[in-house]
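input.pdb follows (PDB, C-alpha atoms):
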ATOM      1  CA  MET A   1       0.000   0.000   0.000
ATOM      2  CA  ILE A   2       1.291   3.451  -0.946
ATOM      3  CA  ASP A   3       1.948   5.824   1.903
ATOM      4  CA  ARG A   4       0.378   9.080   0.699
ATOM      5  CA  ASP A   5       2.481  11.124   3.101
ATOM      6  CA  SER A   6       5.607   9.917   1.335
ATOM      7  CA  ILE A   7       4.450  11.252  -2.050
ATOM      8  CA  PRO A   8       6.163  14.595  -2.780
ATOM      9  CA  ARG A   9       3.751  17.487  -3.125
ATOM     10  CA  PRO A  10       3.940  19.558  -6.343
ATOM     11  CA  PRO A  11       6.166  22.344  -4.938
ATOM     12  CA  GLU A  12       8.631  19.767  -3.658
ATOM     13  CA  LEU A  13       8.597  17.958  -6.989
ATOM     14  CA  ILE A  14       9.335  21.203  -8.773
ATOM     15  CA  ARG A  15      12.255  21.919  -6.457
ATOM     16  CA  ARG A  16      13.722  18.503  -7.238
ATOM     17  CA  ILE A  17      13.777  19.115 -10.996
ATOM     18  CA  PRO A  18      17.451  19.945 -11.716
ATOM     19  CA  VAL A  19      16.591  22.667 -14.235
ATOM     20  CA  THR A  20      16.350  26.392 -13.582
ATOM     21  CA  ALA A  21      14.076  28.867 -15.336
ATOM     22  CA  ASN A  22      17.146  30.434 -16.941
ATOM     23  CA  GLN A  23      18.174  27.082 -18.388
ATOM     24  CA  VAL A  24      14.711  26.627 -19.885
ATOM     25  CA  PHE A  25      14.928  30.045 -21.543
ATOM     26  CA  LEU A  26      18.451  29.307 -22.769
ATOM     27  CA  ALA A  27      17.228  26.026 -24.252
ATOM     28  CA  LEU A  28      14.510  27.967 -26.088
ATOM     29  CA  VAL A  29      17.132  30.410 -27.363
ATOM     30  CA  LEU A  30      19.202  27.471 -28.603
ATOM     31  CA  PHE A  31      16.210  25.893 -30.331
ATOM     32  CA  ASN A  32      15.338  29.162 -32.060
ATOM     33  CA  LEU A  33      18.909  29.678 -33.239
ATOM     34  CA  PHE A  34      18.903  26.240 -34.857
ATOM     35  CA  ALA A  35      15.434  26.770 -36.345
ATOM     36  CA  MET A  36      16.249  30.205 -37.766
ATOM     37  CA  THR A  37      19.555  29.076 -39.241
ATOM     38  CA  GLY A  38      17.837  26.105 -40.860
ATOM     39  CA  ASP A  39      15.228  28.432 -42.322
ATOM     40  CA  VAL A  40      17.988  30.709 -43.632
ATOM     41  CA  ALA A  41      19.694  27.732 -45.280
ATOM     42  CA  ILE A  42      16.510  26.925 -47.201
ATOM     43  CA  ALA A  43      15.783  30.561 -48.086
ATOM     44  CA  HIS A  44      19.292  31.398 -49.296
ATOM     45  CA  ALA A  45      19.497  28.155 -51.256
ATOM     46  CA  PHE A  46      16.800  29.498 -53.571
ATOM     47  CA  ASN A  47      19.264  31.944 -55.099
ATOM     48  CA  GLU A  48      22.154  29.500 -54.673
ATOM     49  CA  PHE A  49      23.900  31.767 -52.144
ATOM     50  CA  ALA A  50      24.518  34.434 -54.760
ATOM     51  CA  PHE A  51      26.319  36.625 -52.212
ATOM     52  CA  ASP A  52      29.060  35.513 -49.840
ATOM     53  CA  THR A  53      27.393  37.473 -47.044
ATOM     54  CA  GLN A  54      24.520  34.989 -47.131
ATOM     55  CA  TYR A  55      26.786  32.537 -45.320
ATOM     56  CA  MET A  56      27.134  34.860 -42.316
ATOM     57  CA  PRO A  57      24.155  33.417 -40.393
ATOM     58  CA  PHE A  58      25.854  30.018 -40.364
ATOM     59  CA  PHE A  59      29.040  31.335 -38.777
ATOM     60  CA  VAL A  60      27.489  33.819 -36.361
ATOM     61  CA  GLY A  61      24.434  31.685 -35.620
ATOM     62  CA  GLY A  62      26.609  28.615 -35.185
ATOM     63  CA  PHE A  63      28.913  30.400 -32.749
ATOM     64  CA  ALA A  64      25.919  31.758 -30.822
ATOM     65  CA  ALA A  65      24.346  28.301 -30.658
ATOM     66  CA  LEU A  66      27.597  26.747 -29.432
ATOM     67  CA  SER A  67      28.041  29.411 -26.750
ATOM     68  CA  THR A  68      24.457  28.803 -25.618
ATOM     69  CA  LEU A  69      24.913  25.041 -25.561
ATOM     70  CA  ILE A  70      27.964  25.153 -23.308
ATOM     71  CA  LEU A  71      26.349  27.710 -20.983
ATOM     72  CA  ILE A  72      23.185  25.717 -20.236
ATOM     73  CA  PRO A  73      24.779  23.131 -17.887
ATOM     74  CA  ARG A  74      26.986  25.742 -16.143
ATOM     75  CA  GLU A  75      25.078  29.004 -16.302
ATOM     76  CA  HIS A  76      27.145  30.662 -13.558
ATOM     77  CA  SER A  77      30.525  30.002 -15.176
ATOM     78  CA  THR A  78      32.230  33.358 -15.809
ATOM     79  CA  TRP A  79      34.016  32.474 -19.040
ATOM     80  CA  ARG A  80      30.970  30.677 -20.440
ATOM     81  CA  ARG A  81      28.807  33.698 -19.710
ATOM     82  CA  ALA A  82      31.355  35.982 -21.382
ATOM     83  CA  LEU A  83      31.411  33.760 -24.475
ATOM     84  CA  PHE A  84      27.620  33.656 -24.518
ATOM     85  CA  ILE A  85      27.318  37.440 -24.224
ATOM     86  CA  LEU A  86      29.734  37.844 -27.139
ATOM     87  CA  GLY A  87      27.714  35.376 -29.209
ATOM     88  CA  MET A  88      24.451  37.144 -28.419
ATOM     89  CA  TRP A  89      25.744  40.620 -29.290
ATOM     90  CA  LEU A  90      27.170  39.320 -32.556
ATOM     91  CA  THR A  91      23.746  37.841 -33.273
ATOM     92  CA  VAL A  92      22.053  41.155 -32.463
ATOM     93  CA  PHE A  93      24.237  42.894 -35.042
ATOM     94  CA  LEU A  94      23.718  40.034 -37.504
ATOM     95  CA  GLY A  95      19.981  40.678 -37.409
ATOM     96  CA  VAL A  96      20.388  44.428 -37.871
ATOM     97  CA  ILE A  97      22.844  44.024 -40.757
ATOM     98  CA  GLY A  98      20.611  41.392 -42.356
ATOM     99  CA  PHE A  99      17.648  43.756 -42.097
ATOM    100  CA  TRP A 100      19.651  46.458 -43.862
ATOM    101  CA  TRP A 101      20.774  44.104 -46.644
ATOM    102  CA  HIS A 102      17.229  42.855 -47.174
ATOM    103  CA  LEU A 103      15.983  46.442 -47.345
ATOM    104  CA  GLU A 104      18.746  47.291 -49.798
ATOM    105  CA  SER A 105      17.783  44.328 -51.999
ATOM    106  CA  GLN A 106      14.177  45.510 -52.089
ATOM    107  CA  VAL A 107      15.110  49.056 -53.068
ATOM    108  CA  SER A 108      17.699  47.975 -55.659
ATOM    109  CA  TRP A 109      15.236  45.605 -57.368
ATOM    110  CA  ARG A 110      12.956  48.377 -58.685
ATOM    111  CA  GLY A 111      14.697  51.519 -57.504
ATOM    112  CA  TRP A 112      12.235  52.194 -54.692
ATOM    113  CA  PHE A 113      10.406  50.426 -51.911
ATOM    114  CA  SER A 114       6.903  49.219 -52.735
ATOM    115  CA  LEU A 115       4.389  46.635 -51.598
ATOM    116  CA  LYS A 116       5.368  44.444 -54.543
ATOM    117  CA  THR A 117       9.048  44.471 -53.597
ATOM    118  CA  TYR A 118       8.075  43.707 -49.996
ATOM    119  CA  VAL A 119       6.180  40.605 -51.101
ATOM    120  CA  TYR A 120       8.454  39.214 -53.804
ATOM    121  CA  THR A 121      11.972  39.967 -52.548
ATOM    122  CA  ALA A 122      13.932  39.054 -49.415
ATOM    123  CA  PRO A 123      11.657  39.177 -46.325
ATOM    124  CA  LEU A 124      12.390  42.492 -44.660
ATOM    125  CA  VAL A 125      11.804  41.652 -41.003
ATOM    126  CA  ALA A 126      13.072  38.053 -41.036
ATOM    127  CA  PRO A 127      16.679  38.875 -39.993
ATOM    128  CA  LEU A 128      15.402  40.773 -36.958
ATOM    129  CA  ALA A 129      14.344  37.420 -35.503
ATOM    130  CA  TYR A 130      18.041  36.887 -34.734
ATOM    131  CA  THR A 131      18.151  40.239 -32.958
ATOM    132  CA  GLY A 132      15.073  39.491 -30.870
ATOM    133  CA  VAL A 133      16.191  36.015 -29.821
ATOM    134  CA  ALA A 134      19.660  37.286 -28.926
ATOM    135  CA  PHE A 135      18.195  40.069 -26.789
ATOM    136  CA  ILE A 136      16.102  37.483 -24.956
ATOM    137  CA  GLY A 137      19.302  35.577 -24.221
ATOM    138  CA  LEU A 138      20.998  38.725 -22.920
ATOM    139  CA  VAL A 139      18.024  39.588 -20.726
ATOM    140  CA  VAL A 140      17.807  36.077 -19.280
ATOM    141  CA  ILE A 141      21.346  36.012 -17.902
ATOM    142  CA  LYS A 142      21.238  39.469 -16.304
ATOM    143  CA  ARG A 143      21.741  38.652 -12.648
ATOM    144  CA  ASN A 144      20.327  41.941 -11.366
ATOM    145  CA  GLY A 145      17.094  41.421 -13.280
ATOM    146  CA  HIS A 146      17.456  44.636 -15.286
ATOM    147  CA  MET A 147      18.862  45.606 -18.671
ATOM    148  CA  PHE A 148      19.434  49.247 -19.595
ATOM    149  CA  GLY A 149      17.459  50.143 -16.486
ATOM    150  CA  VAL A 150      14.362  48.194 -17.546
ATOM    151  CA  GLU A 151      13.070  45.192 -15.611
ATOM    152  CA  ALA A 152      13.884  41.871 -17.301
ATOM    153  CA  ARG A 153      10.252  40.762 -17.172
ATOM    154  CA  ARG A 154       9.167  43.778 -19.210
ATOM    155  CA  TRP A 155      11.934  43.150 -21.735
ATOM    156  CA  LEU A 156      10.838  39.552 -22.204
ATOM    157  CA  TYR A 157       7.194  40.457 -22.731
ATOM    158  CA  ALA A 158       8.089  43.261 -25.151
ATOM    159  CA  LEU A 159      10.426  41.001 -27.141
ATOM    160  CA  ILE A 160       7.796  38.265 -27.335
ATOM    161  CA  ALA A 161       5.329  40.891 -28.564
ATOM    162  CA  GLY A 162       7.809  42.010 -31.209
ATOM    163  CA  GLY A 163       8.297  38.424 -32.334
ATOM    164  CA  SER A 164       4.546  37.932 -32.605
ATOM    165  CA  PHE A 165       4.128  41.053 -34.729
ATOM    166  CA  GLY A 166       7.053  39.885 -36.853
ATOM    167  CA  ASN A 167       5.346  36.531 -37.370
ATOM    168  CA  ALA A 168       2.189  38.348 -38.443
ATOM    169  CA  SER A 169       4.204  40.299 -41.003
ATOM    170  CA  LEU A 170       5.874  37.156 -42.335
ATOM    171  CA  SER A 171       2.531  35.351 -42.524
ATOM    172  CA  ILE A 172       1.138  38.153 -44.649
ATOM    173  CA  LEU A 173       4.258  38.129 -46.818
ATOM    174  CA  ASP A 174       4.402  34.372 -47.390
ATOM    175  CA  HIS A 175       0.707  33.885 -48.029
ATOM    176  CA  ALA A 176       0.366  36.964 -50.229
ATOM    177  CA  ARG A 177       2.696  35.325 -52.740
ATOM    178  CA  ASN A 178       0.006  32.817 -53.634
ATOM    179  CA  GLY A 179      -2.861  35.261 -53.138
ATOM    180  CA  PHE A 180      -4.108  33.592 -49.921
ATOM    181  CA  ILE A 181      -5.357  30.723 -52.032
ATOM    182  CA  HIS A 182      -6.718  28.861 -48.987
ATOM    183  CA  PRO A 183      -8.887  30.569 -46.326
ATOM    184  CA  ALA A 184      -6.831  28.932 -43.560
ATOM    185  CA  GLU A 185      -3.869  31.085 -44.597
ATOM    186  CA  TRP A 186      -5.566  34.045 -42.921
ATOM    187  CA  VAL A 187      -5.640  32.338 -39.505
ATOM    188  CA  PRO A 188      -2.052  33.096 -38.343
ATOM    189  CA  ILE A 189      -2.504  36.833 -38.832
ATOM    190  CA  PRO A 190      -5.154  37.576 -36.167
ATOM    191  CA  VAL A 191      -3.646  34.946 -33.857
ATOM    192  CA  THR A 192      -0.167  36.483 -33.894
ATOM    193  CA  ILE A 193      -1.499  40.041 -33.686
ATOM    194  CA  PHE A 194      -3.620  39.057 -30.679
ATOM    195  CA  ALA A 195      -0.566  37.536 -28.987
ATOM    196  CA  GLY A 196       1.542  40.588 -29.795
ATOM    197  CA  VAL A 197      -1.002  43.003 -28.359
ATOM    198  CA  ALA A 198      -1.463  40.851 -25.243
ATOM    199  CA  PHE A 199       2.252  40.649 -24.434
ATOM    200  CA  LEU A 200       2.898  44.294 -25.276
ATOM    201  CA  TRP A 201       0.058  45.334 -22.982
ATOM    202  CA  VAL A 202       1.419  43.185 -20.159
ATOM    203  CA  ALA A 203       4.906  44.656 -20.601
ATOM    204  CA  PHE A 204       3.604  47.952 -19.225
ATOM    205  CA  ARG A 205       1.569  46.527 -16.354
ATOM    206  CA  PRO A 206       2.999  46.706 -12.822
ATOM    207  CA  ARG A 207       1.662  43.278 -11.862
ATOM    208  CA  LEU A 208      -0.111  40.288 -13.367
ATOM    209  CA  THR A 209      -3.545  39.119 -12.298
ATOM    210  CA  GLY A 210      -4.928  35.640 -12.781
ATOM    211  CA  VAL A 211      -6.985  36.764 -15.768
ATOM    212  CA  VAL A 212      -3.959  38.354 -17.423
ATOM    213  CA  LYS A 213      -1.832  35.252 -16.893
ATOM    214  CA  GLY A 214      -4.608  33.125 -18.326
ATOM    215  CA  THR A 215      -4.771  35.385 -21.385
ATOM    216  CA  LEU A 216      -1.032  35.060 -21.949
ATOM    217  CA  TRP A 217      -1.135  31.290 -21.668
ATOM    218  CA  PHE A 218      -4.081  31.215 -24.057
ATOM    219  CA  ALA A 219      -2.091  33.302 -26.557
ATOM    220  CA  ILE A 220       0.940  31.017 -26.200
ATOM    221  CA  VAL A 221      -1.018  27.792 -26.621
ATOM    222  CA  LEU A 222      -2.961  29.248 -29.546
ATOM    223  CA  GLN A 223       0.253  30.158 -31.352
ATOM    224  CA  ILE A 224       1.731  26.725 -30.675
ATOM    225  CA  ILE A 225      -1.339  25.031 -32.140
ATOM    226  CA  VAL A 226      -1.501  27.288 -35.203
ATOM    227  CA  GLY A 227       2.247  27.053 -35.771
ATOM    228  CA  THR A 228       2.279  23.272 -35.475
ATOM    229  CA  ILE A 229      -0.668  22.823 -37.836
ATOM    230  CA  GLY A 230       0.876  25.270 -40.301
ATOM    231  CA  TRP A 231       4.185  23.410 -40.197
ATOM    232  CA  LEU A 232       2.462  20.086 -40.829
TER     233      LEU A 232
END

Show this structure as structure tokens.
Amino acid sequence: MIDRDSIPRPPELIRRIPVTANQVFLALVLFNLFAMTGDVAIAHAFNEFAFDTQYMPFFVGGFAALSTLILIPREHSTWRRALFILGMWLTVFLGVIGFWWHLESQVSWRGWFSLKTYVYTAPLVAPLAYTGVAFIGLVVIKRNGHMFGVEARRWLYALIAGGSFGNASLSILDHARNGFIHPAEWVPIPVTIFAGVAFLWVAFRPRLTGVVKGTLWFAIVLQIIVGTIGWL
């Protein structure tokens, strides 16, 4: 017969899990770095890597992923943190430079920026995904809980909101190329905008209520479902 008193209660079970919240976030950063670099490989293969600079995400993203991987098991190691910070800042600049090059490609295609160039040339906001993910990594490891004087929690919510709005933009871009041939292609747009608004709103709130937390979880789960179905 099982002694119920010997069964660990949920808080005790959670304390026994040898994983910190920071390590979970770092694992998500690592996953996103791999996913984004894989997406870049497919996208740049379409023009057969016409420019040498199109290989940059592999070197910078690879270094950032490696620095994240070695930090996860020893997140308090000084040299690992220094290597990780270097990798994240390089990734921040990679996203900004990539954004500029994508913008330049759109302008050079027809001589000016237009809706048509936005749809049919290099996706303008896609490189900024590197910048956003890297900033999340930098925020996560700040021991004092602040970055540039702003609370880490607010940074995380704002960055998640930015990523959601970016996904909305990319959904419009990708599906506009085939004229939204299927009605389901409209679904990601309101879902990601809803998530973006929810997280941006929370970023400016002093505290979270149960209803607000429930709304955030609903937005997260909804995006996971839509993203998974879209990927399949």

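This file, queried with the PyMOL selection byres ((chain A and resi 72) around 9), gives the residues Asn22, Gln23, Val24, Leu26, Ala27, Ser67, Thr68, Leu69, Ile70, Leu71, Pro73, Arg74 and Glu75 of chain A.
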
With stretch 194-198 of chain A as the partner and 10 Å as the cut-off, tabulate the residues of stretch 145-170 of chain A that qualify, each row holding the nearest pair of atoms and their distance in Å to one decimal, using all atoms listed in the file, sorted by chain and rising number, as JSON lines.
{"residue": "A:Tyr157", "atom": "CA", "partner": "A:Ala198", "partner_atom": "CA", "distance": 9.0}
{"residue": "A:Ala158", "atom": "CA", "partner": "A:Gly196", "partner_atom": "CA", "distance": 8.5}
{"residue": "A:Leu159", "atom": "CA", "partner": "A:Gly196", "partner_atom": "CA", "distance": 9.3}
{"residue": "A:Ile160", "atom": "CA", "partner": "A:Gly196", "partner_atom": "CA", "distance": 7.1}
{"residue": "A:Ala161", "atom": "CA", "partner": "A:Gly196", "partner_atom": "CA", "distance": 4.0}
{"residue": "A:Gly162", "atom": "CA", "partner": "A:Gly196", "partner_atom": "CA", "distance": 6.6}
{"residue": "A:Gly163", "atom": "CA", "partner": "A:Gly196", "partner_atom": "CA", "distance": 7.5}
{"residue": "A:Ser164", "atom": "CA", "partner": "A:Gly196", "partner_atom": "CA", "distance": 4.9}
{"residue": "A:Phe165", "atom": "CA", "partner": "A:Gly196", "partner_atom": "CA", "distance": 5.6}
{"residue": "A:Gly166", "atom": "CA", "partner": "A:Gly196", "partner_atom": "CA", "distance": 9.0}
{"residue": "A:Asn167", "atom": "CA", "partner": "A:Gly196", "partner_atom": "CA", "distance": 9.4}
{"residue": "A:Ala168", "atom": "CA", "partner": "A:Gly196", "partner_atom": "CA", "distance": 9.0}

Kindly indicate which residue among A:Met56, A:Ala82, A:Val212, A:Val125 lies nearest to A:Leu94, using only C-alpha atoms for the distances.
A:Met56

Tell me, in Å to one decimal, how far atom CA of A:Trp186 is from atom CA of A:Gly132.
24.5 Å

Tell me, in Å to one decimal, how far atom CA of A:His182 is from atom CA of A:Gly230.
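Between these atoms lies a distance of 12.1 Å.
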
Point (23.6, 41.7, -43.2), cut-off 10 Å, counting only C-alpha atoms, residues as a VMD selection string:
chain A and resid 53 to 57 93 to 104 127

What is the atom CA of A:Thr192-atom CA of A:Leu232 distance in Å, reported with one decimal?
18.0 Å

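Candidate residues A:Ile141, A:Val191, A:Ala152, A:Met36 were compared for distance to A:Leu222, and the nearest is A:Val191, using all atoms listed in the file.
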
Select, counting all atoms listed in the file, all protein, DNA and RNA residues no farther than 7 Å from (23.6, 32.4, -29.8) in file coordinates, and express the selection as an mmCIF file with C-alpha atoms, keeping the file's coordinate frame.
data_model
loop_
_atom_site.group_PDB
_atom_site.id
_atom_site.type_symbol
_atom_site.label_atom_id
_atom_site.label_comp_id
_atom_site.auth_asym_id
_atom_site.auth_seq_id
_atom_site.Cartn_x
_atom_site.Cartn_y
_atom_site.Cartn_z
ATOM 1 C CA LEU A 30 19.202 27.471 -28.603
ATOM 2 C CA LEU A 33 18.909 29.678 -33.239
ATOM 3 C CA GLY A 61 24.434 31.685 -35.620
ATOM 4 C CA PHE A 63 28.913 30.400 -32.749
ATOM 5 C CA ALA A 64 25.919 31.758 -30.822
ATOM 6 C CA ALA A 65 24.346 28.301 -30.658
ATOM 7 C CA LEU A 66 27.597 26.747 -29.432
ATOM 8 C CA SER A 67 28.041 29.411 -26.750
ATOM 9 C CA THR A 68 24.457 28.803 -25.618
ATOM 10 C CA PHE A 84 27.620 33.656 -24.518
ATOM 11 C CA GLY A 87 27.714 35.376 -29.209
ATOM 12 C CA MET A 88 24.451 37.144 -28.419
ATOM 13 C CA THR A 91 23.746 37.841 -33.273
ATOM 14 C CA ALA A 134 19.660 37.286 -28.926
#

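Picked by the PyMOL selection byres ((chain A and resi 153) around 12) from the coordinates shown: Ile136, Val139, Val140, Lys142, Asn144, Gly145, His146, Met147, Gly149, Val150, Glu151, Ala152, Arg154, Trp155, Leu156, Tyr157, Ala158, Leu159, Ile160, Phe199, Leu200, Val202, Ala203, Phe204, Arg205, Pro206, Arg207 and Leu208 of chain A.
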
Please produce an output containing C-alpha atoms for each residue in the selection, written as a short mmCIF file (atom, residue, chain, number, x, y, z; two decimals), in the coordinates of the input.
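Written file, result.cif:
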data_model
loop_
_atom_site.label_atom_id
_atom_site.label_comp_id
_atom_site.auth_asym_id
_atom_site.auth_seq_id
_atom_site.Cartn_x
_atom_site.Cartn_y
_atom_site.Cartn_z
CA ILE A 136 16.10 37.48 -24.96
CA VAL A 139 18.02 39.59 -20.73
CA VAL A 140 17.81 36.08 -19.28
CA LYS A 142 21.24 39.47 -16.30
CA ASN A 144 20.33 41.94 -11.37
CA GLY A 145 17.09 41.42 -13.28
CA HIS A 146 17.46 44.64 -15.29
CA MET A 147 18.86 45.61 -18.67
CA GLY A 149 17.46 50.14 -16.49
CA VAL A 150 14.36 48.19 -17.55
CA GLU A 151 13.07 45.19 -15.61
CA ALA A 152 13.88 41.87 -17.30
CA ARG A 154 9.17 43.78 -19.21
CA TRP A 155 11.93 43.15 -21.74
CA LEU A 156 10.84 39.55 -22.20
CA TYR A 157 7.19 40.46 -22.73
CA ALA A 158 8.09 43.26 -25.15
CA LEU A 159 10.43 41.00 -27.14
CA ILE A 160 7.80 38.26 -27.34
CA PHE A 199 2.25 40.65 -24.43
CA LEU A 200 2.90 44.29 -25.28
CA VAL A 202 1.42 43.18 -20.16
CA ALA A 203 4.91 44.66 -20.60
CA PHE A 204 3.60 47.95 -19.23
CA ARG A 205 1.57 46.53 -16.35
CA PRO A 206 3.00 46.71 -12.82
CA ARG A 207 1.66 43.28 -11.86
CA LEU A 208 -0.11 40.29 -13.37
#
